[in-house]
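Text of model-v9.txt, listed as compact mmCIF, N, CA and C atoms:
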# COMPACT_ATOMS: atom_id res chain seq x y z
N MET A 233 0.83 -1.16 0.00
CA MET A 233 0.00 0.00 0.00
C MET A 233 0.89 1.24 0.00
N ALA A 234 0.57 2.18 -0.85
CA ALA A 234 1.36 3.39 -0.97
C ALA A 234 1.05 4.37 0.15
N LYS A 235 2.02 5.19 0.48
CA LYS A 235 1.84 6.20 1.52
C LYS A 235 1.27 7.46 0.90
N ILE A 236 0.48 8.18 1.69
CA ILE A 236 -0.08 9.45 1.25
C ILE A 236 0.70 10.55 1.95
N ASN A 237 1.12 11.54 1.20
CA ASN A 237 1.84 12.69 1.76
C ASN A 237 1.00 13.30 2.88
N LYS A 238 1.65 13.59 4.04
CA LYS A 238 0.92 14.09 5.21
C LYS A 238 0.21 15.41 4.92
N GLY A 239 0.88 16.34 4.23
CA GLY A 239 0.25 17.61 3.89
C GLY A 239 -0.96 17.43 2.99
N PHE A 240 -0.87 16.51 2.07
CA PHE A 240 -1.99 16.24 1.17
C PHE A 240 -3.13 15.59 1.95
N ARG A 241 -2.81 14.70 2.88
CA ARG A 241 -3.84 14.04 3.69
C ARG A 241 -4.63 15.08 4.50
N VAL A 242 -3.93 16.03 5.13
CA VAL A 242 -4.60 17.07 5.91
C VAL A 242 -5.50 17.91 5.00
N TRP A 243 -4.99 18.26 3.82
CA TRP A 243 -5.78 19.02 2.86
C TRP A 243 -7.02 18.23 2.44
N LEU A 244 -6.87 16.93 2.23
CA LEU A 244 -8.00 16.08 1.83
C LEU A 244 -9.11 16.10 2.86
N GLU A 245 -8.72 15.96 4.11
CA GLU A 245 -9.71 15.87 5.18
C GLU A 245 -10.47 17.18 5.37
N THR A 246 -9.87 18.31 5.00
CA THR A 246 -10.54 19.60 5.23
C THR A 246 -11.23 20.14 3.98
N LYS A 247 -10.69 19.92 2.80
CA LYS A 247 -11.24 20.59 1.61
C LYS A 247 -11.78 19.66 0.53
N ARG A 248 -11.03 18.69 0.09
CA ARG A 248 -11.35 17.77 -1.01
C ARG A 248 -11.24 18.38 -2.39
N TYR A 249 -11.67 19.65 -2.58
CA TYR A 249 -11.58 20.32 -3.87
C TYR A 249 -10.97 21.69 -3.66
N GLY A 250 -10.39 22.25 -4.72
CA GLY A 250 -9.81 23.58 -4.62
C GLY A 250 -8.38 23.57 -5.10
N VAL A 251 -7.53 24.37 -4.47
CA VAL A 251 -6.14 24.50 -4.89
C VAL A 251 -5.24 23.88 -3.83
N PHE A 252 -4.37 22.97 -4.25
CA PHE A 252 -3.38 22.37 -3.36
C PHE A 252 -2.01 22.57 -4.01
N ASN A 253 -1.12 23.27 -3.31
CA ASN A 253 0.23 23.57 -3.83
C ASN A 253 0.18 24.20 -5.22
N GLY A 254 -0.78 25.09 -5.44
CA GLY A 254 -0.89 25.78 -6.72
C GLY A 254 -1.54 24.96 -7.82
N VAL A 255 -2.09 23.79 -7.48
CA VAL A 255 -2.73 22.91 -8.47
C VAL A 255 -4.23 22.92 -8.22
N GLU A 256 -5.00 23.27 -9.24
CA GLU A 256 -6.46 23.28 -9.15
C GLU A 256 -6.98 21.85 -9.24
N ILE A 257 -7.69 21.40 -8.21
CA ILE A 257 -8.23 20.05 -8.18
C ILE A 257 -9.75 20.14 -8.20
N THR A 258 -10.36 19.61 -9.27
CA THR A 258 -11.80 19.64 -9.46
C THR A 258 -12.31 18.20 -9.56
N PRO A 259 -13.64 17.98 -9.56
CA PRO A 259 -14.16 16.62 -9.69
C PRO A 259 -13.76 15.94 -11.00
N SER A 260 -13.49 16.72 -12.04
CA SER A 260 -13.14 16.11 -13.33
C SER A 260 -11.63 15.88 -13.48
N THR A 261 -10.83 16.31 -12.50
CA THR A 261 -9.39 16.08 -12.56
C THR A 261 -9.13 14.58 -12.54
N ARG A 262 -8.28 14.12 -13.44
CA ARG A 262 -8.01 12.68 -13.55
C ARG A 262 -6.66 12.32 -12.94
N LEU A 263 -6.63 11.13 -12.35
CA LEU A 263 -5.39 10.58 -11.81
C LEU A 263 -5.02 9.37 -12.64
N VAL A 264 -3.72 9.15 -12.82
CA VAL A 264 -3.27 8.01 -13.61
C VAL A 264 -2.07 7.38 -12.91
N ARG A 265 -1.93 6.07 -13.08
CA ARG A 265 -0.73 5.39 -12.62
C ARG A 265 -0.38 4.31 -13.63
N TYR A 266 0.90 3.96 -13.67
CA TYR A 266 1.40 3.02 -14.66
C TYR A 266 1.95 1.78 -13.97
N SER A 267 2.05 0.70 -14.72
CA SER A 267 2.58 -0.55 -14.17
C SER A 267 3.90 -0.89 -14.82
N TYR A 268 4.74 -1.62 -14.09
CA TYR A 268 6.04 -2.04 -14.60
C TYR A 268 6.40 -3.40 -14.00
N VAL A 269 7.40 -4.03 -14.58
CA VAL A 269 7.79 -5.38 -14.20
C VAL A 269 9.25 -5.38 -13.76
N ILE A 270 9.51 -6.07 -12.66
CA ILE A 270 10.88 -6.29 -12.21
C ILE A 270 11.07 -7.80 -12.10
N SER A 271 12.12 -8.32 -12.70
CA SER A 271 12.36 -9.76 -12.70
C SER A 271 13.68 -10.10 -12.02
N TYR A 272 13.68 -11.22 -11.33
CA TYR A 272 14.88 -11.76 -10.69
C TYR A 272 15.07 -13.19 -11.18
N PHE A 273 15.41 -13.36 -12.41
CA PHE A 273 15.65 -14.63 -13.09
C PHE A 273 14.46 -15.58 -13.04
N VAL A 274 14.10 -16.14 -11.89
CA VAL A 274 12.96 -17.07 -11.85
C VAL A 274 11.75 -16.46 -11.15
N MET A 275 11.88 -15.23 -10.66
CA MET A 275 10.77 -14.56 -10.00
C MET A 275 10.47 -13.24 -10.71
N THR A 276 9.20 -12.99 -10.96
CA THR A 276 8.78 -11.77 -11.64
C THR A 276 7.76 -11.05 -10.78
N GLU A 277 7.94 -9.74 -10.60
CA GLU A 277 7.03 -8.91 -9.81
C GLU A 277 6.43 -7.84 -10.69
N ARG A 278 5.13 -7.65 -10.56
CA ARG A 278 4.46 -6.54 -11.23
C ARG A 278 4.17 -5.47 -10.20
N LYS A 279 4.54 -4.21 -10.51
CA LYS A 279 4.36 -3.10 -9.58
C LYS A 279 3.68 -1.95 -10.28
N LYS A 280 3.21 -0.98 -9.48
CA LYS A 280 2.56 0.21 -10.02
C LYS A 280 3.22 1.45 -9.46
N THR A 281 3.19 2.53 -10.25
CA THR A 281 3.73 3.81 -9.81
C THR A 281 2.71 4.50 -8.90
N ARG A 282 3.08 5.67 -8.39
CA ARG A 282 2.13 6.47 -7.62
C ARG A 282 1.13 7.10 -8.60
N PHE A 283 0.07 7.68 -8.07
CA PHE A 283 -0.89 8.39 -8.91
C PHE A 283 -0.34 9.76 -9.30
N TYR A 284 -0.65 10.18 -10.53
CA TYR A 284 -0.29 11.51 -11.03
C TYR A 284 -1.57 12.21 -11.47
N PHE A 285 -1.70 13.51 -11.14
CA PHE A 285 -2.82 14.32 -11.65
C PHE A 285 -2.47 14.69 -13.09
N ILE A 286 -3.16 14.14 -14.08
CA ILE A 286 -2.75 14.37 -15.47
C ILE A 286 -3.43 15.56 -16.12
N ASP A 287 -4.33 16.25 -15.42
CA ASP A 287 -4.94 17.45 -15.99
C ASP A 287 -4.14 18.70 -15.66
N VAL A 288 -3.04 18.54 -14.98
CA VAL A 288 -2.19 19.65 -14.57
C VAL A 288 -0.89 19.55 -15.36
N ASP A 289 -0.43 20.67 -15.94
CA ASP A 289 0.72 20.63 -16.85
C ASP A 289 1.97 20.01 -16.24
N GLU A 290 2.38 20.47 -15.04
CA GLU A 290 3.61 19.95 -14.47
C GLU A 290 3.47 18.47 -14.08
N GLU A 291 2.28 18.08 -13.62
CA GLU A 291 2.06 16.68 -13.27
C GLU A 291 2.00 15.83 -14.55
N ARG A 292 1.47 16.39 -15.63
CA ARG A 292 1.40 15.66 -16.88
C ARG A 292 2.81 15.31 -17.37
N ASP A 293 3.73 16.26 -17.22
CA ASP A 293 5.11 15.98 -17.60
C ASP A 293 5.73 14.89 -16.73
N LYS A 294 5.45 14.94 -15.43
CA LYS A 294 5.95 13.90 -14.53
C LYS A 294 5.35 12.54 -14.88
N ALA A 295 4.07 12.53 -15.23
CA ALA A 295 3.41 11.27 -15.61
C ALA A 295 4.01 10.72 -16.90
N ARG A 296 4.31 11.60 -17.85
CA ARG A 296 4.91 11.16 -19.10
C ARG A 296 6.29 10.56 -18.86
N SER A 297 7.08 11.19 -17.99
CA SER A 297 8.41 10.64 -17.70
C SER A 297 8.29 9.34 -16.91
N ALA A 298 7.27 9.22 -16.05
CA ALA A 298 7.06 7.96 -15.32
C ALA A 298 6.70 6.84 -16.29
N ARG A 299 5.89 7.15 -17.30
CA ARG A 299 5.54 6.12 -18.29
C ARG A 299 6.77 5.69 -19.07
N MET A 300 7.64 6.64 -19.42
CA MET A 300 8.87 6.28 -20.13
C MET A 300 9.79 5.45 -19.24
N TRP A 301 9.87 5.80 -17.94
CA TRP A 301 10.68 5.04 -17.01
C TRP A 301 10.16 3.61 -16.90
N CYS A 302 8.84 3.44 -16.85
CA CYS A 302 8.24 2.10 -16.77
C CYS A 302 8.55 1.30 -18.03
N THR A 303 8.50 1.94 -19.18
CA THR A 303 8.83 1.25 -20.43
C THR A 303 10.28 0.79 -20.43
N LEU A 304 11.18 1.67 -20.02
CA LEU A 304 12.59 1.32 -19.93
C LEU A 304 12.81 0.17 -18.95
N CYS A 305 12.16 0.25 -17.80
CA CYS A 305 12.28 -0.81 -16.80
C CYS A 305 11.74 -2.14 -17.34
N ASN A 306 10.61 -2.10 -18.04
CA ASN A 306 10.02 -3.32 -18.59
C ASN A 306 10.95 -4.00 -19.59
N PHE A 307 11.60 -3.20 -20.43
CA PHE A 307 12.42 -3.80 -21.48
C PHE A 307 13.87 -4.03 -21.07
N THR A 308 14.24 -3.70 -19.85
CA THR A 308 15.58 -4.05 -19.36
C THR A 308 15.47 -5.07 -18.25
N ILE A 309 14.98 -4.66 -17.11
CA ILE A 309 14.89 -5.56 -15.95
C ILE A 309 13.73 -6.54 -16.09
N GLY A 310 12.65 -6.13 -16.69
CA GLY A 310 11.45 -6.97 -16.78
C GLY A 310 11.60 -8.19 -17.66
N LEU A 311 12.46 -8.11 -18.67
CA LEU A 311 12.60 -9.24 -19.60
C LEU A 311 13.44 -10.38 -19.06
N LEU A 312 14.10 -10.19 -17.91
CA LEU A 312 15.01 -11.20 -17.39
C LEU A 312 14.32 -12.41 -16.77
N GLY A 313 13.09 -12.26 -16.31
CA GLY A 313 12.41 -13.35 -15.61
C GLY A 313 11.96 -14.45 -16.54
N ILE A 314 12.14 -15.68 -16.10
CA ILE A 314 11.74 -16.84 -16.90
C ILE A 314 10.63 -17.54 -16.15
N PRO A 315 9.51 -17.83 -16.72
CA PRO A 315 9.01 -17.59 -18.06
C PRO A 315 8.14 -16.34 -18.17
N TRP A 316 7.70 -15.73 -17.03
CA TRP A 316 6.70 -14.68 -17.08
C TRP A 316 7.24 -13.29 -17.35
N GLY A 317 8.51 -13.04 -17.18
CA GLY A 317 9.08 -11.71 -17.38
C GLY A 317 8.77 -11.10 -18.73
N PRO A 318 9.12 -11.76 -19.83
CA PRO A 318 8.84 -11.18 -21.15
C PRO A 318 7.34 -10.98 -21.41
N ILE A 319 6.53 -11.92 -20.94
CA ILE A 319 5.09 -11.83 -21.17
C ILE A 319 4.51 -10.63 -20.45
N PHE A 320 4.80 -10.50 -19.14
CA PHE A 320 4.28 -9.37 -18.36
C PHE A 320 4.86 -8.05 -18.83
N ALA A 321 6.12 -8.03 -19.25
CA ALA A 321 6.75 -6.79 -19.72
C ALA A 321 6.03 -6.26 -20.94
N ILE A 322 5.70 -7.12 -21.87
CA ILE A 322 4.99 -6.70 -23.09
C ILE A 322 3.57 -6.27 -22.75
N ILE A 323 2.88 -7.04 -21.91
CA ILE A 323 1.49 -6.71 -21.53
C ILE A 323 1.43 -5.36 -20.82
N ASP A 324 2.34 -5.13 -19.86
CA ASP A 324 2.32 -3.87 -19.11
C ASP A 324 2.71 -2.68 -19.98
N THR A 325 3.66 -2.85 -20.87
CA THR A 325 4.06 -1.74 -21.75
C THR A 325 2.93 -1.35 -22.68
N ILE A 326 2.28 -2.32 -23.29
CA ILE A 326 1.14 -2.02 -24.16
C ILE A 326 0.02 -1.37 -23.36
N GLY A 327 -0.24 -1.90 -22.16
CA GLY A 327 -1.29 -1.34 -21.30
C GLY A 327 -1.01 0.09 -20.87
N ASN A 328 0.27 0.41 -20.62
CA ASN A 328 0.62 1.78 -20.22
C ASN A 328 0.36 2.79 -21.32
N TYR A 329 0.48 2.38 -22.56
CA TYR A 329 0.25 3.30 -23.68
C TYR A 329 -1.20 3.29 -24.16
N ARG A 330 -1.87 2.17 -24.05
CA ARG A 330 -3.26 2.11 -24.51
C ARG A 330 -4.25 2.56 -23.45
N LYS A 331 -4.19 1.94 -22.28
CA LYS A 331 -5.17 2.25 -21.23
C LYS A 331 -4.54 2.07 -19.85
N PRO A 332 -3.85 3.10 -19.34
CA PRO A 332 -3.31 3.01 -17.99
C PRO A 332 -4.44 3.12 -16.96
N ASP A 333 -4.13 2.82 -15.70
CA ASP A 333 -5.12 2.95 -14.64
C ASP A 333 -5.45 4.43 -14.46
N THR A 334 -6.66 4.83 -14.84
CA THR A 334 -7.08 6.22 -14.75
C THR A 334 -8.36 6.29 -13.94
N ILE A 335 -8.44 7.27 -13.04
CA ILE A 335 -9.65 7.44 -12.23
C ILE A 335 -9.91 8.93 -12.03
N PRO A 336 -11.17 9.37 -12.18
CA PRO A 336 -11.49 10.78 -11.93
C PRO A 336 -11.46 11.07 -10.43
N TRP A 337 -10.97 12.25 -10.06
CA TRP A 337 -10.88 12.63 -8.66
C TRP A 337 -12.27 12.70 -8.03
N GLY A 338 -13.30 13.02 -8.79
CA GLY A 338 -14.66 13.11 -8.26
C GLY A 338 -15.17 11.79 -7.71
N ILE A 339 -14.73 10.68 -8.24
CA ILE A 339 -15.13 9.37 -7.73
C ILE A 339 -14.50 9.13 -6.36
N ILE A 340 -13.29 9.55 -6.18
CA ILE A 340 -12.60 9.36 -4.90
C ILE A 340 -13.16 10.29 -3.84
N ALA A 341 -13.30 11.56 -4.17
CA ALA A 341 -13.68 12.57 -3.17
C ALA A 341 -15.18 12.68 -2.96
N GLY A 342 -15.99 12.19 -3.89
CA GLY A 342 -17.43 12.28 -3.75
C GLY A 342 -17.97 13.58 -4.30
N PRO A 343 -19.31 13.77 -4.22
CA PRO A 343 -19.93 14.98 -4.74
C PRO A 343 -19.44 16.24 -4.03
N VAL A 344 -19.43 17.34 -4.75
CA VAL A 344 -18.94 18.61 -4.22
C VAL A 344 -19.83 19.11 -3.08
N ASP A 345 -21.14 18.96 -3.22
CA ASP A 345 -22.07 19.56 -2.26
C ASP A 345 -22.37 18.68 -1.05
N GLN A 346 -21.81 17.47 -0.98
CA GLN A 346 -22.08 16.57 0.14
C GLN A 346 -20.79 16.21 0.86
N GLU A 347 -20.91 15.94 2.14
CA GLU A 347 -19.77 15.45 2.90
C GLU A 347 -19.59 13.96 2.56
N PRO A 348 -18.36 13.48 2.45
CA PRO A 348 -18.15 12.08 2.12
C PRO A 348 -18.59 11.17 3.26
N GLN A 349 -19.07 9.96 2.91
CA GLN A 349 -19.49 8.98 3.91
C GLN A 349 -18.29 8.47 4.70
N THR A 350 -17.16 8.25 4.00
CA THR A 350 -15.93 7.81 4.64
C THR A 350 -14.85 8.86 4.36
N PRO A 351 -13.84 8.95 5.21
CA PRO A 351 -12.76 9.91 4.93
C PRO A 351 -12.11 9.63 3.58
N VAL A 352 -11.75 10.69 2.87
CA VAL A 352 -11.18 10.56 1.53
C VAL A 352 -9.87 9.78 1.57
N SER A 353 -9.05 9.99 2.59
CA SER A 353 -7.78 9.27 2.66
C SER A 353 -8.01 7.77 2.81
N THR A 354 -9.09 7.36 3.47
CA THR A 354 -9.43 5.94 3.58
C THR A 354 -9.84 5.39 2.22
N THR A 355 -10.60 6.16 1.46
CA THR A 355 -11.00 5.74 0.11
C THR A 355 -9.78 5.57 -0.78
N ILE A 356 -8.83 6.48 -0.70
CA ILE A 356 -7.62 6.39 -1.51
C ILE A 356 -6.82 5.14 -1.14
N LYS A 357 -6.70 4.84 0.14
CA LYS A 357 -5.97 3.64 0.57
C LYS A 357 -6.61 2.38 0.02
N LYS A 358 -7.96 2.35 -0.07
CA LYS A 358 -8.64 1.18 -0.63
C LYS A 358 -8.33 1.02 -2.11
N ILE A 359 -8.23 2.15 -2.83
CA ILE A 359 -7.93 2.09 -4.27
C ILE A 359 -6.49 1.65 -4.50
N LEU A 360 -5.57 2.11 -3.67
CA LEU A 360 -4.16 1.76 -3.84
C LEU A 360 -3.98 0.31 -3.57

Structure encoded using C-alpha cells:
Amino acid sequence: MAKINKGFRVWLETKRYGVFNGVEITPSTRLVRYSYVISYFVMTERKKTRFYFIDVDEERDKARSARMWCTLCNFTIGLLGIPWGPIFAIIDTIGNYRKPDTIPWGIIAGPVDQEPQTPVSTTIKKIL
C-alpha cells in the first residue's frame, strides 16, 4: 500500500476540492498510474507507480516521464524473468500506452455539495 503525503492528507480531510500547492483540483481532474515489471531470473514482480494528476501541466510531464521510465524498466529488468518476465513486460508496456489505470478525482472525493461517507484518505488507501 502506498503512503499518502501528510500535507496532502490534511488538505484532503478539510477541503477535497480547490487549490493544493498551486494545483487546481476539481471533480473532473483525472489521476493516472502506470505498471512495470521487475524480474529476478525465476521470480517476476508486477508493480505500479504512484498516482499523477494528469490534468495539470507539471504533473502531466511527470506522468509522461514515469511512463517512459516504466517502459525502460520493462524492457531491461522486466525481460530477465523466466518464463513470465517477457510476457508481463509486453502486456504492461502495451497497457501503459493504450489504457493506464485512470480514475477521476470526483469518484474518490465524492460529490462537491455533500460530505463524504468515509474519509477521503481511507477511500484512496482502498484504491491503492

Could you check which of A:Glu245, A:Asp289, A:Gly313, A:Ile257 is closest to Val274 in chain A, using only N, CA and C atoms?
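Of all the options, A:Gly313 lies closest to Val274 in chain A.
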
Range 305-309 of chain A: which residues within 12 Å, counting only C-alpha atoms, same-chain residues fewer than 2 positions away excluded, as a PyMOL selection string?
chain A and resi 266-273+275-281+298-303+311-314+316-328

Hey, can you check how far atom C of Tyr329 in chain A sits from CA of Arg282 in chain A?
17.2 Å

Rounded to one decimal, what separation in Å do you get between atom C of Gly338 in chain A and CA of Ser297 in chain A?
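Between atom C of Gly338 in chain A and CA of Ser297 in chain A the gap works out to 25.6 Å.
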
Chain A: which residues are strand (DSSP E) by DSSP, as a list in words?
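Going through chain A, the strand (DSSP E) residues come out as Gly250, Val251, Phe252, Val255, Glu256, Ile257, Arg262, Leu263, Val264, Arg265, Ser267, Tyr268, Val269, Ile270, Ser271, Tyr272, Met275, Thr276, Glu277, Arg278, Lys279, Lys280, Tyr284, Phe285, Asp333, Thr334, Ile335 and Pro336 of chain A.
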
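Here CA of Ala295 in chain A and CA of Leu263 in chain A stand 9.6 Å from one another.
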
DSSP-assigned helix (DSSP H, G or I) members of chain A, reported as a ChimeraX atom specification
/A:238-246,289-308,310-312,316-330,337-341,352-359

Please identify all polymer residues within 7 Å of Thr334 in chain A, counting only N, CA and C atoms, omitting same-chain residues fewer than 4 positions from it, and present them as a PyMOL selection string.
chain A and resi 262-265

Nearest residue to Phe240 in chain A out of A:Glu291, A:Phe252, A:Leu304, A:Arg330, using only N, CA and C atoms?
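Of the candidates, the smallest distance to Phe240 in chain A is held by A:Phe252.
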
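Closest approach to Ser260 in chain A among A:Lys238, A:Trp243, A:Pro315, A:Asp287: A:Asp287, based on only N, CA and C atoms.
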